[in-house]
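Q: Quick one: this structure, given as structure tokens, is what I'll be asking you about.
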Amino acid sequence: MEKFGIYVHWPFCLSKCPYCDFFSLPAASWDEKILESAYIRDLKRIPTRTVTSLFFGGGTPSLMSARLIHRLITVIRDNFPVASEVEISLEANPDAIDKLKMEAFRAVGINRLSLGVQALNEKDLKFLGRRHTLETALQRIEEMKSVFHNFSFDLIYARPGQTLQAWQDELKEALSFHPPHLSLYQLTIEDDTPFSKRKINMLDDETARTLYEWTLKAMKEADCPFYEVSNFAHPGFECRHNLLYWEGNDYAGIGPAAHGRLGLIATENPKNLTNWLKGETITTLLSPVERQEEKLIMGLRLKKGISDKGISSANIQKAVEKGWLKQEKGRISATHDGLMMLNQLILELI
């Protein structure tokens with residue numbers, strides 16, 4: 001079956017984390033009926049395709065009501081063919097969900113929960129601007145385990161002053177919960193975020209690489225190997241929706257600031273709630289070369305890589321000779337060294 005997903009962006013958060021560059025707004029009172037109408041309008045613009053995954057992201061979509069989520073899932077089921085094994089994910093923050101709400105989400109159709117924990121100590125939770133305490137995070141992980149068979153949580157590492165031993169202890173604690181999936185991101189400073197306006201003593205590249213290499217080894221030993229640069233899963237628990245992006249499949253985006261790709265058509269909703277509510281959107285026709293470059297940038301993040309079709313054989317050969325790339329059976333993928341310098345590898349191929 002051809003893969004196709006729908007991404008639903010919920011823009012509201014209880015507060016803005018200083019490292020986050022996603023479109024989000026401070027949580028205030030919102031008229032859920034008005035938002036509901038706009039989401040349904042967006043859904044009805046999407047061409048009829050069989051939906052294989054649905055992802056509620058944000059922002060903090062666990063602030064949504066179970067009623068609204070149920071309504072949107074119902075509209076999708078009423079208007080699109082839906083795969084029998086459809087993956088329906090929702091992102092949550094520990095301070096914006098509890099066990100009762102998890103159970104309510106599961107009852108209306110959510111079958112995968114992703115929890116934004118980010119750190120397993122109080123000092124770094126505070127540094128990262130997280131509102132929850134360590135005690136709350138650990139409690140929510142246990143509750144999530146009891147409600148969902150398919151779940152994940154996020155951690156950010158390579159934080160200022162973090163040692164290899166500290167990260168080893170933290171990841172071992174995370175693995176003690178036996179999660180089927182973990183997202184482990186190195187801290188980066190994105191433009192136009194609060195962190196970008198502060199002087200932060202980031203870890204040097206060599207130390208950050210040491211942490212990442214140890215992470216790859218430890219996760220493989222835990223039978224939870226990487227399938228994408230920052231994502232790790234037991235076999236069969238890879239996030240199907242995110243794989244859509246990395247594999248270059250089509251997807252539709254609804255909500256403010258949401259993006260979509262339908263063949264060569266790129267869609268982008270405005271990063272402005274008022275304009276989105278008015279129904280504004282931007283549609284761009286990509287050239288085949290632009291779309292191929294997008295697929296290359298995303299696909300090389302995957303362990304399995306991407307088809308070598310449409311990529312210059314001379315460029316591939318150069319990267320192979322440098323030890324950054326391997327080519328076999330019509331596919332190319334990054335070697336260990338290539339992963340360590342992925343941006344340079346992509347530039348080499350483009």
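Lettering and numbering for the structure tokens are positional, with chains as A, B, ... in the shown order, residues counted from 1 in each chain, and ligands counted from 1 in the shown order.
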Do you know which residues are at most 12 Å from A:Glu142 counting only C-alpha atoms, after dropping those on the same chain fewer than 3 positions away, and could you put them as a VMD selection string?

A: chain A and resid 94 98 to 99 102 115 135 to 139 145 to 149 151 to 153 174 176 to 179

Q: Pick out the residues sitting within 7 Å of stretch 181-191 of chain A, and hand them over as a PDB file with N, CA and C atoms, in the first residue's frame; count only C-alpha atoms, and ignore anything fewer than 4 positions along from it in its own chain.

A:
```
ATOM      1  N   TYR A  19      14.828  26.438  23.489  1.00  0.00           N
ATOM      2  CA  TYR A  19      15.528  25.806  22.373  1.00  0.00           C
ATOM      3  C   TYR A  19      14.611  25.573  21.174  1.00  0.00           C
ATOM      4  N   ASP A  21      12.219  25.958  17.945  1.00  0.00           N
ATOM      5  CA  ASP A  21      11.992  26.866  16.821  1.00  0.00           C
ATOM      6  C   ASP A  21      10.734  26.488  16.044  1.00  0.00           C
ATOM      7  N   PHE A 151       4.728   3.513  22.484  1.00  0.00           N
ATOM      8  CA  PHE A 151       5.008   4.830  23.041  1.00  0.00           C
ATOM      9  C   PHE A 151       6.473   5.179  22.871  1.00  0.00           C
ATOM     10  N   SER A 152       6.761   6.457  23.086  1.00  0.00           N
ATOM     11  CA  SER A 152       8.132   6.960  22.950  1.00  0.00           C
ATOM     12  C   SER A 152       8.309   8.136  23.894  1.00  0.00           C
ATOM     13  N   PHE A 153       9.557   8.448  24.236  1.00  0.00           N
ATOM     14  CA  PHE A 153       9.808   9.740  24.860  1.00  0.00           C
ATOM     15  C   PHE A 153      11.119  10.316  24.343  1.00  0.00           C
ATOM     16  N   ASP A 154      11.229  11.644  24.472  1.00  0.00           N
ATOM     17  CA  ASP A 154      12.373  12.391  23.933  1.00  0.00           C
ATOM     18  C   ASP A 154      13.342  12.769  25.042  1.00  0.00           C
ATOM     19  N   LEU A 155      14.624  12.750  24.700  1.00  0.00           N
ATOM     20  CA  LEU A 155      15.666  13.321  25.560  1.00  0.00           C
ATOM     21  C   LEU A 155      16.578  14.181  24.704  1.00  0.00           C
ATOM     22  N   ILE A 156      17.063  15.255  25.287  1.00  0.00           N
ATOM     23  CA  ILE A 156      18.055  16.109  24.635  1.00  0.00           C
ATOM     24  C   ILE A 156      19.370  15.936  25.386  1.00  0.00           C
ATOM     25  N   TYR A 157      20.447  15.627  24.646  1.00  0.00           N
ATOM     26  CA  TYR A 157      21.744  15.441  25.296  1.00  0.00           C
ATOM     27  C   TYR A 157      22.775  16.375  24.659  1.00  0.00           C
ATOM     28  N   ALA A 158      24.042  16.208  25.061  1.00  0.00           N
ATOM     29  CA  ALA A 158      25.107  17.146  24.674  1.00  0.00           C
ATOM     30  C   ALA A 158      24.777  18.542  25.211  1.00  0.00           C
ATOM     31  N   ARG A 159      24.264  18.544  26.427  1.00  0.00           N
ATOM     32  CA  ARG A 159      23.938  19.801  27.092  1.00  0.00           C
ATOM     33  C   ARG A 159      25.213  20.403  27.687  1.00  0.00           C
ATOM     34  N   PHE A 195      17.443  30.748  23.180  1.00  0.00           N
ATOM     35  CA  PHE A 195      18.826  30.302  23.365  1.00  0.00           C
ATOM     36  C   PHE A 195      19.792  31.030  22.427  1.00  0.00           C
ATOM     37  N   SER A 196      19.325  31.383  21.233  1.00  0.00           N
ATOM     38  CA  SER A 196      20.218  32.036  20.258  1.00  0.00           C
ATOM     39  C   SER A 196      20.613  33.434  20.712  1.00  0.00           C
ATOM     40  N   SER A 230      18.478  10.450  14.819  1.00  0.00           N
ATOM     41  CA  SER A 230      18.149  10.754  16.214  1.00  0.00           C
ATOM     42  C   SER A 230      17.023   9.879  16.766  1.00  0.00           C
ATOM     43  N   ASN A 231      16.653   8.829  16.055  1.00  0.00           N
ATOM     44  CA  ASN A 231      15.521   8.009  16.476  1.00  0.00           C
ATOM     45  C   ASN A 231      15.894   6.537  16.524  1.00  0.00           C
ATOM     46  N   PHE A 232      15.438   5.881  17.596  1.00  0.00           N
ATOM     47  CA  PHE A 232      15.843   4.524  17.926  1.00  0.00           C
ATOM     48  C   PHE A 232      14.601   3.710  18.272  1.00  0.00           C
ATOM     49  N   ALA A 233      14.546   2.464  17.826  1.00  0.00           N
ATOM     50  CA  ALA A 233      13.334   1.687  18.085  1.00  0.00           C
ATOM     51  C   ALA A 233      13.630   0.196  18.097  1.00  0.00           C
ATOM     52  N   HIS A 234      12.851  -0.528  18.901  1.00  0.00           N
ATOM     53  CA  HIS A 234      12.827  -1.977  18.763  1.00  0.00           C
ATOM     54  C   HIS A 234      12.209  -2.286  17.396  1.00  0.00           C
ATOM     55  N   PHE A 237       8.684  -0.948  15.853  1.00  0.00           N
ATOM     56  CA  PHE A 237       8.157   0.213  16.571  1.00  0.00           C
ATOM     57  C   PHE A 237       8.680   1.530  16.019  1.00  0.00           C
ATOM     58  N   GLU A 238       9.263   1.525  14.828  1.00  0.00           N
ATOM     59  CA  GLU A 238       9.666   2.767  14.189  1.00  0.00           C
ATOM     60  C   GLU A 238       8.425   3.644  13.968  1.00  0.00           C
TER      61      GLU A 238
END
```

Q: Which parts of stretch 123-251 of chain A does DSSP call strand (DSSP E) when run on the backbone here, written out as a PyMOL selection string?

A: chain A and resi 151-157+181-186+226-228+231-233+250-251

Q: Give me the residues within 10 Å of A:Phe105 as number ranges by chain, counting only C-alpha atoms and dropping any in the same chain fewer than 6 places off.

A: A: 62, 64-67, 69-70, 90, 99, 111-113, 147

Q: Write the residues of the preceding selection, restricted to C-alpha atoms, as an mmCIF file, in the first residue's frame.

A:
```cif
data_model
loop_
_atom_site.group_PDB
_atom_site.id
_atom_site.type_symbol
_atom_site.label_atom_id
_atom_site.label_comp_id
_atom_site.auth_asym_id
_atom_site.auth_seq_id
_atom_site.Cartn_x
_atom_site.Cartn_y
_atom_site.Cartn_z
ATOM 1 C CA SER A 62 -2.024 17.073 24.673
ATOM 2 C CA MET A 64 -6.390 19.510 22.977
ATOM 3 C CA SER A 65 -9.604 18.020 24.280
ATOM 4 C CA ALA A 66 -10.308 14.369 23.615
ATOM 5 C CA ARG A 67 -13.591 15.571 22.090
ATOM 6 C CA ILE A 69 -9.353 14.821 18.620
ATOM 7 C CA HIS A 70 -12.269 12.403 18.300
ATOM 8 C CA LEU A 90 0.024 12.363 19.631
ATOM 9 C CA LYS A 99 -3.304 9.148 33.183
ATOM 10 C CA ASN A 111 -2.625 4.434 19.552
ATOM 11 C CA ARG A 112 0.866 5.939 19.945
ATOM 12 C CA LEU A 113 1.979 8.547 22.491
ATOM 13 C CA VAL A 147 -1.945 2.876 28.891
#
```

Q: Where in stretch 168-342 of chain A does DSSP assign helix (DSSP H, G or I), given as JSON, numbers by chain?

A: {"A": [168, 169, 170, 171, 172, 173, 174, 175, 194, 195, 196, 197, 205, 206, 207, 208, 209, 210, 211, 212, 213, 214, 215, 216, 217, 218, 219, 220, 221, 240, 241, 242, 243, 244, 245, 246, 247, 273, 274, 275, 276, 277, 288, 289, 290, 291, 292, 293, 294, 295, 296, 297, 298, 299, 313, 314, 315, 316, 317, 318, 319, 320, 321, 336, 337, 338, 339, 340, 342]}

Q: Can you tell me, as a PyMOL selection string, what residues are no more than 10 Å from A:His336 when counting only C-alpha atoms, ignoring any on the same chain fewer than 2 positions away?

A: chain A and resi 213+216+303+323-325+333-334+338-342

Q: Taking a cut-off of 12 Å and counting only C-alpha atoms, can you build a table that, for each residue of stretch 267-304 of chain A near stretch 39-49 of chain A, reports the nearest atom pair and how far apart they are in Å (one decimal), sorted by chain then residue number, as JSON lines?

A:
```
{"residue": "A:Thr267", "atom": "CA", "partner": "A:Ile46", "partner_atom": "CA", "distance": 10.7}
{"residue": "A:Glu268", "atom": "CA", "partner": "A:Asp42", "partner_atom": "CA", "distance": 11.5}
{"residue": "A:Asn269", "atom": "CA", "partner": "A:Asp42", "partner_atom": "CA", "distance": 9.7}
{"residue": "A:Leu273", "atom": "CA", "partner": "A:Tyr39", "partner_atom": "CA", "distance": 11.9}
{"residue": "A:Trp276", "atom": "CA", "partner": "A:Asp42", "partner_atom": "CA", "distance": 9.7}
{"residue": "A:Leu277", "atom": "CA", "partner": "A:Tyr39", "partner_atom": "CA", "distance": 8.9}
{"residue": "A:Lys278", "atom": "CA", "partner": "A:Arg41", "partner_atom": "CA", "distance": 10.4}
{"residue": "A:Gly279", "atom": "CA", "partner": "A:Asp42", "partner_atom": "CA", "distance": 8.0}
{"residue": "A:Glu280", "atom": "CA", "partner": "A:Asp42", "partner_atom": "CA", "distance": 10.2}
{"residue": "A:Thr281", "atom": "CA", "partner": "A:Asp42", "partner_atom": "CA", "distance": 9.7}
```

Q: Kindly save the residues from that selection, with all heavy atoms included, as a PDB file, in the first residue's frame.

A:
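Result file is selection05.pdb:
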```
ATOM      1  N   THR A 267       2.863  22.535   0.070  1.00  0.00           N
ATOM      2  CA  THR A 267       1.880  23.421   0.699  1.00  0.00           C
ATOM      3  C   THR A 267       2.439  23.934   2.020  1.00  0.00           C
ATOM      4  O   THR A 267       3.190  23.248   2.707  1.00  0.00           O
ATOM      5  CB  THR A 267       0.554  22.693   0.964  1.00  0.00           C
ATOM      6  OG1 THR A 267       0.775  21.610   1.887  1.00  0.00           O
ATOM      7  CG2 THR A 267      -0.026  22.135  -0.332  1.00  0.00           C
ATOM      8  N   GLU A 268       2.086  25.158   2.360  1.00  0.00           N
ATOM      9  CA  GLU A 268       2.543  25.771   3.614  1.00  0.00           C
ATOM     10  C   GLU A 268       1.457  26.693   4.133  1.00  0.00           C
ATOM     11  O   GLU A 268       1.046  27.634   3.442  1.00  0.00           O
ATOM     12  CB  GLU A 268       3.836  26.554   3.391  1.00  0.00           C
ATOM     13  CG  GLU A 268       4.372  27.213   4.645  1.00  0.00           C
ATOM     14  CD  GLU A 268       5.634  28.019   4.394  1.00  0.00           C
ATOM     15  OE1 GLU A 268       6.121  28.034   3.239  1.00  0.00           O
ATOM     16  OE2 GLU A 268       6.127  28.652   5.347  1.00  0.00           O
ATOM     17  N   ASN A 269       0.999  26.427   5.338  1.00  0.00           N
ATOM     18  CA  ASN A 269       0.023  27.305   5.972  1.00  0.00           C
ATOM     19  C   ASN A 269       0.737  28.424   6.709  1.00  0.00           C
ATOM     20  O   ASN A 269       1.878  28.257   7.158  1.00  0.00           O
ATOM     21  CB  ASN A 269      -0.852  26.512   6.936  1.00  0.00           C
ATOM     22  CG  ASN A 269      -1.805  25.582   6.218  1.00  0.00           C
ATOM     23  OD1 ASN A 269      -2.092  25.754   5.033  1.00  0.00           O
ATOM     24  ND2 ASN A 269      -2.285  24.566   6.914  1.00  0.00           N
ATOM     25  N   LEU A 273      -1.953  32.792  13.348  1.00  0.00           N
ATOM     26  CA  LEU A 273      -3.228  32.144  13.633  1.00  0.00           C
ATOM     27  C   LEU A 273      -4.384  32.832  12.916  1.00  0.00           C
ATOM     28  O   LEU A 273      -5.259  32.164  12.338  1.00  0.00           O
ATOM     29  CB  LEU A 273      -3.466  32.128  15.145  1.00  0.00           C
ATOM     30  CG  LEU A 273      -4.628  31.264  15.626  1.00  0.00           C
ATOM     31  CD1 LEU A 273      -4.408  29.803  15.274  1.00  0.00           C
ATOM     32  CD2 LEU A 273      -4.808  31.415  17.140  1.00  0.00           C
ATOM     33  N   TRP A 276      -4.316  32.006   9.223  1.00  0.00           N
ATOM     34  CA  TRP A 276      -4.717  30.612   8.999  1.00  0.00           C
ATOM     35  C   TRP A 276      -6.227  30.447   9.159  1.00  0.00           C
ATOM     36  O   TRP A 276      -6.879  29.769   8.358  1.00  0.00           O
ATOM     37  CB  TRP A 276      -3.977  29.678   9.957  1.00  0.00           C
ATOM     38  CG  TRP A 276      -4.520  28.285   9.902  1.00  0.00           C
ATOM     39  CD1 TRP A 276      -4.419  27.393   8.865  1.00  0.00           C
ATOM     40  CD2 TRP A 276      -5.277  27.620  10.922  1.00  0.00           C
ATOM     41  NE1 TRP A 276      -5.060  26.219   9.169  1.00  0.00           N
ATOM     42  CE2 TRP A 276      -5.601  26.339  10.431  1.00  0.00           C
ATOM     43  CE3 TRP A 276      -5.705  27.995  12.193  1.00  0.00           C
ATOM     44  CZ2 TRP A 276      -6.338  25.418  11.178  1.00  0.00           C
ATOM     45  CZ3 TRP A 276      -6.442  27.082  12.944  1.00  0.00           C
ATOM     46  CH2 TRP A 276      -6.752  25.816  12.435  1.00  0.00           C
ATOM     47  N   LEU A 277      -6.790  31.068  10.177  1.00  0.00           N
ATOM     48  CA  LEU A 277      -8.234  30.973  10.391  1.00  0.00           C
ATOM     49  C   LEU A 277      -9.012  31.525   9.193  1.00  0.00           C
ATOM     50  O   LEU A 277     -10.117  31.065   8.896  1.00  0.00           O
ATOM     51  CB  LEU A 277      -8.636  31.700  11.666  1.00  0.00           C
ATOM     52  CG  LEU A 277      -8.232  31.020  12.983  1.00  0.00           C
ATOM     53  CD1 LEU A 277      -8.469  31.953  14.170  1.00  0.00           C
ATOM     54  CD2 LEU A 277      -8.986  29.705  13.180  1.00  0.00           C
ATOM     55  N   LYS A 278      -8.416  32.498   8.503  1.00  0.00           N
ATOM     56  CA  LYS A 278      -9.057  33.058   7.298  1.00  0.00           C
ATOM     57  C   LYS A 278      -8.994  32.096   6.109  1.00  0.00           C
ATOM     58  O   LYS A 278      -9.637  32.331   5.087  1.00  0.00           O
ATOM     59  CB  LYS A 278      -8.368  34.368   6.907  1.00  0.00           C
ATOM     60  CG  LYS A 278      -8.623  35.523   7.852  1.00  0.00           C
ATOM     61  CD  LYS A 278      -7.832  36.747   7.389  1.00  0.00           C
ATOM     62  CE  LYS A 278      -8.033  37.927   8.329  1.00  0.00           C
ATOM     63  NZ  LYS A 278      -7.176  39.093   7.924  1.00  0.00           N
ATOM     64  N   GLY A 279      -8.166  31.065   6.227  1.00  0.00           N
ATOM     65  CA  GLY A 279      -8.079  30.094   5.141  1.00  0.00           C
ATOM     66  C   GLY A 279      -6.920  30.307   4.199  1.00  0.00           C
ATOM     67  O   GLY A 279      -6.826  29.645   3.155  1.00  0.00           O
ATOM     68  N   GLU A 280      -6.001  31.217   4.545  1.00  0.00           N
ATOM     69  CA  GLU A 280      -4.847  31.459   3.675  1.00  0.00           C
ATOM     70  C   GLU A 280      -3.906  30.260   3.660  1.00  0.00           C
ATOM     71  O   GLU A 280      -3.734  29.566   4.666  1.00  0.00           O
ATOM     72  CB  GLU A 280      -4.082  32.697   4.151  1.00  0.00           C
ATOM     73  CG  GLU A 280      -4.874  33.984   4.045  1.00  0.00           C
ATOM     74  CD  GLU A 280      -4.086  35.185   4.544  1.00  0.00           C
ATOM     75  OE1 GLU A 280      -2.860  35.054   4.743  1.00  0.00           O
ATOM     76  OE2 GLU A 280      -4.708  36.244   4.753  1.00  0.00           O
ATOM     77  N   THR A 281      -3.295  30.003   2.522  1.00  0.00           N
ATOM     78  CA  THR A 281      -2.268  28.960   2.405  1.00  0.00           C
ATOM     79  C   THR A 281      -1.412  29.283   1.196  1.00  0.00           C
ATOM     80  O   THR A 281      -1.827  30.046   0.309  1.00  0.00           O
ATOM     81  CB  THR A 281      -2.895  27.557   2.287  1.00  0.00           C
ATOM     82  OG1 THR A 281      -1.879  26.554   2.407  1.00  0.00           O
ATOM     83  CG2 THR A 281      -3.620  27.371   0.955  1.00  0.00           C
TER      84      THR A 281
END
```

Q: Would you list the contacts of stretch 312-318 of chain A as a compact mmCIF listing (two decimals) with C-alpha atoms, in the first residue's frame, taking every protein, DNA or RNA residue within 7 Å and counting only C-alpha atoms, but skipping same-chain residues closer than 2 positions in sequence?

A:
```txt
# COMPACT_ATOMS: atom_id res chain seq x y z
CA GLY A 310 18.70 10.62 -10.02
CA VAL A 320 32.35 6.51 -1.37
CA GLU A 321 36.07 7.14 -1.81
CA LYS A 322 36.04 9.44 1.23
CA GLU A 348 28.93 16.59 -1.60
CA LEU A 349 26.05 14.78 -3.29
```

Q: Neighbouring residues of stretch 250-253 of chain A were defined as those with any atom within 8 Å, considering only C-alpha atoms; residues of the same chain fewer than 6 positions away were excluded. Please report them as a list of chain:residue names.

A: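 Using only C-alpha atoms, the neighbours found are A:Lys3, A:Phe4, A:Gly5, A:Ile6, A:Tyr7, A:Val8, A:His9, A:Ile46, A:Leu244, A:His259, A:Gly260, A:Arg261, A:Leu262, A:Gly263, A:Thr267, A:Glu268.
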
Q: Produce a file of the selected residues containing C-alpha atoms, as a PDB file, in the first residue's frame.

A:
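Produced file again-v1.pdb, reproduced below:
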```pdb
ATOM      1  CA  LYS A   3       2.003   5.449   2.264  1.00  0.00           C
ATOM      2  CA  PHE A   4       0.220   8.727   2.949  1.00  0.00           C
ATOM      3  CA  GLY A   5      -0.071  10.650   6.205  1.00  0.00           C
ATOM      4  CA  ILE A   6      -1.815  13.661   7.692  1.00  0.00           C
ATOM      5  CA  TYR A   7      -0.048  15.993  10.121  1.00  0.00           C
ATOM      6  CA  VAL A   8      -2.199  18.119  12.456  1.00  0.00           C
ATOM      7  CA  HIS A   9      -0.397  21.085  14.032  1.00  0.00           C
ATOM      8  CA  ILE A  46      -6.832  17.250   0.881  1.00  0.00           C
ATOM      9  CA  LEU A 244       6.934   9.275   5.576  1.00  0.00           C
ATOM     10  CA  HIS A 259       3.614  21.877   5.647  1.00  0.00           C
ATOM     11  CA  GLY A 260       2.630  19.245   3.119  1.00  0.00           C
ATOM     12  CA  ARG A 261       4.053  17.464   0.082  1.00  0.00           C
ATOM     13  CA  LEU A 262       1.717  16.088  -2.606  1.00  0.00           C
ATOM     14  CA  GLY A 263       3.881  14.943  -5.489  1.00  0.00           C
ATOM     15  CA  THR A 267       1.880  23.421   0.699  1.00  0.00           C
ATOM     16  CA  GLU A 268       2.543  25.771   3.614  1.00  0.00           C
TER      17      GLU A 268
END
```

Q: Identify which of the residues A:Pro11, A:Ile200, A:Pro180, A:Pro194 lies closest to A:Asp223, counting only C-alpha atoms when measuring atom-to-atom distances.

A: A:Pro180

Q: Excluding A:Arg77 and its own-chain neighbours fewer than 6 positions away, which residues fall within 10 Å of it when counting only C-alpha atoms? Please give them as a ChimeraX atom specification.

A: /A:50-51,71,83

Q: Pick out the closest residue to A:Ile332 from this set: A:Ile306, A:Ala27, A:Leu347, A:Met144. Count only C-alpha atoms.

A: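 That would be A:Ile306, the residue with the smallest distance to A:Ile332.
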
Q: Could you check the closest approach to A:Leu302 for each of A:Thr284, A:Ser114, A:Thr207, A:Thr335 and tell me which residue wins, using only C-alpha atoms?

A: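 When distances to A:Leu302 are compared using only C-alpha atoms, the smallest one comes from A:Thr335.
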
Q: Looking at only C-alpha atoms, which of A:Leu134, A:Asn272, A:Lys172, A:Thr283 is the one that sits closest to A:Glu221?

A: A:Lys172
